[in-house]
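Following: one structure in structure tokens, then a few remarks.
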Amino acid sequence: MWIDDNFMNEVGLANMPEDEKRAFMAHAEEELEVRVGQSIGAELSDAQMDEFEQITDDDTATAWLEQNAPNFRETVARVFQAFKRELQGERQQIMS
């Protein structure tokens, strides 16, 4: 899980009420997964996407990505950092 208490502290959202924070963290984790998937998917062919969607375990998925999308780790890091900056910039609206 990428979105944890440390992440919430880094983006300035650690002081949310606990129930709201847990719900926000779950939503943020889902949103991050979608964004990463879209970024990586943009680099894959339709056939590769179909093949990747059939993978059900994390170790196989990682190995597949290393072979078929060798820069996926950089893509994940880039998307993660952009998402973090976005949340930092929207902190006031999120907290209100």
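Chain labels run A, B, ... following the order of the structure tokens; each chain numbers its residues from 1, and ligands are numbered from 1 in the order shown.
Omitting region 53-70 of chain A and its sequence neighbours fewer than 6 positions away, and counting only C-alpha atoms, the residues within 12 Å are Gly37, Ser39, Ile40, Gly41, Ala42, Glu43, Leu44, Ser45, Asp46, Ala47 and Val76 of chain A.
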- Members of chain A assigned helix (DSSP H, G or I) by DSSP, as a VMD selection string: chain A and resid 5 to 10 18 to 41 46 to 53 58 to 68 72 to 89 91 to 95
Now that the selection is made, can you save its residues with C-alpha atoms as a JSON list (two decimals), in the first residue's frame?
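part32.json, freshly written:
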```json
[["chain", "number", "residue", "atom", "x", "y", "z"],
["A", 5, "ASP", "CA", 0.04, 7.57, 7.46],
["A", 6, "ASN", "CA", 3.49, 8.75, 6.33],
["A", 7, "PHE", "CA", 2.08, 9.70, 2.93],
["A", 8, "MET", "CA", -0.79, 11.57, 4.56],
["A", 9, "ASN", "CA", 1.71, 13.47, 6.70],
["A", 10, "GLU", "CA", 3.84, 14.33, 3.65],
["A", 18, "GLU", "CA", -9.61, 9.33, 11.55],
["A", 19, "ASP", "CA", -12.69, 7.96, 9.77],
["A", 20, "GLU", "CA", -12.39, 10.53, 6.97],
["A", 21, "LYS", "CA", -8.67, 9.88, 6.70],
["A", 22, "ARG", "CA", -9.13, 6.11, 6.28],
["A", 23, "ALA", "CA", -11.80, 6.66, 3.61],
["A", 24, "PHE", "CA", -9.61, 9.22, 1.84],
["A", 25, "MET", "CA", -6.62, 6.88, 1.95],
["A", 26, "ALA", "CA", -8.62, 4.06, 0.36],
["A", 27, "HIS", "CA", -9.90, 6.38, -2.37],
["A", 28, "ALA", "CA", -6.43, 7.82, -2.98],
["A", 29, "GLU", "CA", -4.95, 4.32, -3.27],
["A", 30, "GLU", "CA", -7.57, 3.39, -5.90],
["A", 31, "GLU", "CA", -6.98, 6.63, -7.80],
["A", 32, "LEU", "CA", -3.23, 6.09, -7.78],
["A", 33, "GLU", "CA", -3.66, 2.55, -9.12],
["A", 34, "VAL", "CA", -5.85, 3.85, -11.95],
["A", 35, "ARG", "CA", -3.36, 6.55, -12.88],
["A", 36, "VAL", "CA", -0.42, 4.16, -12.83],
["A", 37, "GLY", "CA", -2.38, 1.66, -14.89],
["A", 38, "GLN", "CA", -3.29, 4.30, -17.46],
["A", 39, "SER", "CA", 0.29, 5.49, -17.76],
["A", 40, "ILE", "CA", 1.73, 2.02, -18.16],
["A", 41, "GLY", "CA", -1.14, 0.93, -20.39],
["A", 46, "ASP", "CA", -3.85, -4.00, -27.05],
["A", 47, "ALA", "CA", -2.55, -7.57, -27.14],
["A", 48, "GLN", "CA", -0.13, -6.84, -24.31],
["A", 49, "MET", "CA", -2.93, -5.23, -22.27],
["A", 50, "ASP", "CA", -5.11, -8.30, -22.79],
["A", 51, "GLU", "CA", -2.26, -10.55, -21.70],
["A", 52, "PHE", "CA", -1.47, -8.43, -18.65],
["A", 53, "GLU", "CA", -5.11, -8.33, -17.54],
["A", 58, "ASP", "CA", 1.74, -9.65, -8.02],
["A", 59, "ASP", "CA", 5.00, -11.53, -8.60],
["A", 60, "THR", "CA", 3.97, -12.64, -12.07],
["A", 61, "ALA", "CA", 2.70, -9.14, -12.86],
["A", 62, "THR", "CA", 6.00, -7.58, -11.83],
["A", 63, "ALA", "CA", 8.01, -10.06, -13.88],
["A", 64, "TRP", "CA", 5.73, -9.48, -16.87],
["A", 65, "LEU", "CA", 6.08, -5.71, -16.57],
["A", 66, "GLU", "CA", 9.87, -5.97, -16.28],
["A", 67, "GLN", "CA", 9.89, -7.83, -19.59],
["A", 68, "ASN", "CA", 7.20, -5.89, -21.48],
["A", 72, "PHE", "CA", 7.43, 0.74, -15.48],
["A", 73, "ARG", "CA", 9.18, 1.46, -12.17],
["A", 74, "GLU", "CA", 10.11, 4.93, -13.37],
["A", 75, "THR", "CA", 6.54, 5.43, -14.58],
["A", 76, "VAL", "CA", 5.17, 4.40, -11.18],
["A", 77, "ALA", "CA", 7.57, 6.77, -9.39],
["A", 78, "ARG", "CA", 6.71, 9.66, -11.73],
["A", 79, "VAL", "CA", 2.95, 9.16, -11.35],
["A", 80, "PHE", "CA", 3.28, 8.78, -7.57],
["A", 81, "GLN", "CA", 5.25, 12.02, -7.22],
["A", 82, "ALA", "CA", 2.83, 13.92, -9.46],
["A", 83, "PHE", "CA", -0.10, 12.63, -7.40],
["A", 84, "LYS", "CA", 1.62, 13.68, -4.19],
["A", 85, "ARG", "CA", 2.25, 17.20, -5.55],
["A", 86, "GLU", "CA", -1.37, 17.43, -6.69],
["A", 87, "LEU", "CA", -2.67, 16.55, -3.23],
["A", 88, "GLN", "CA", -0.28, 19.00, -1.58],
["A", 89, "GLY", "CA", -1.62, 21.72, -3.85],
["A", 91, "ARG", "CA", -4.74, 20.31, 0.65],
["A", 92, "GLN", "CA", -6.80, 23.35, 1.64],
["A", 93, "GLN", "CA", -9.79, 22.32, -0.48],
["A", 94, "ILE", "CA", -9.58, 18.72, 0.76],
["A", 95, "MET", "CA", -9.46, 19.76, 4.40]]
```
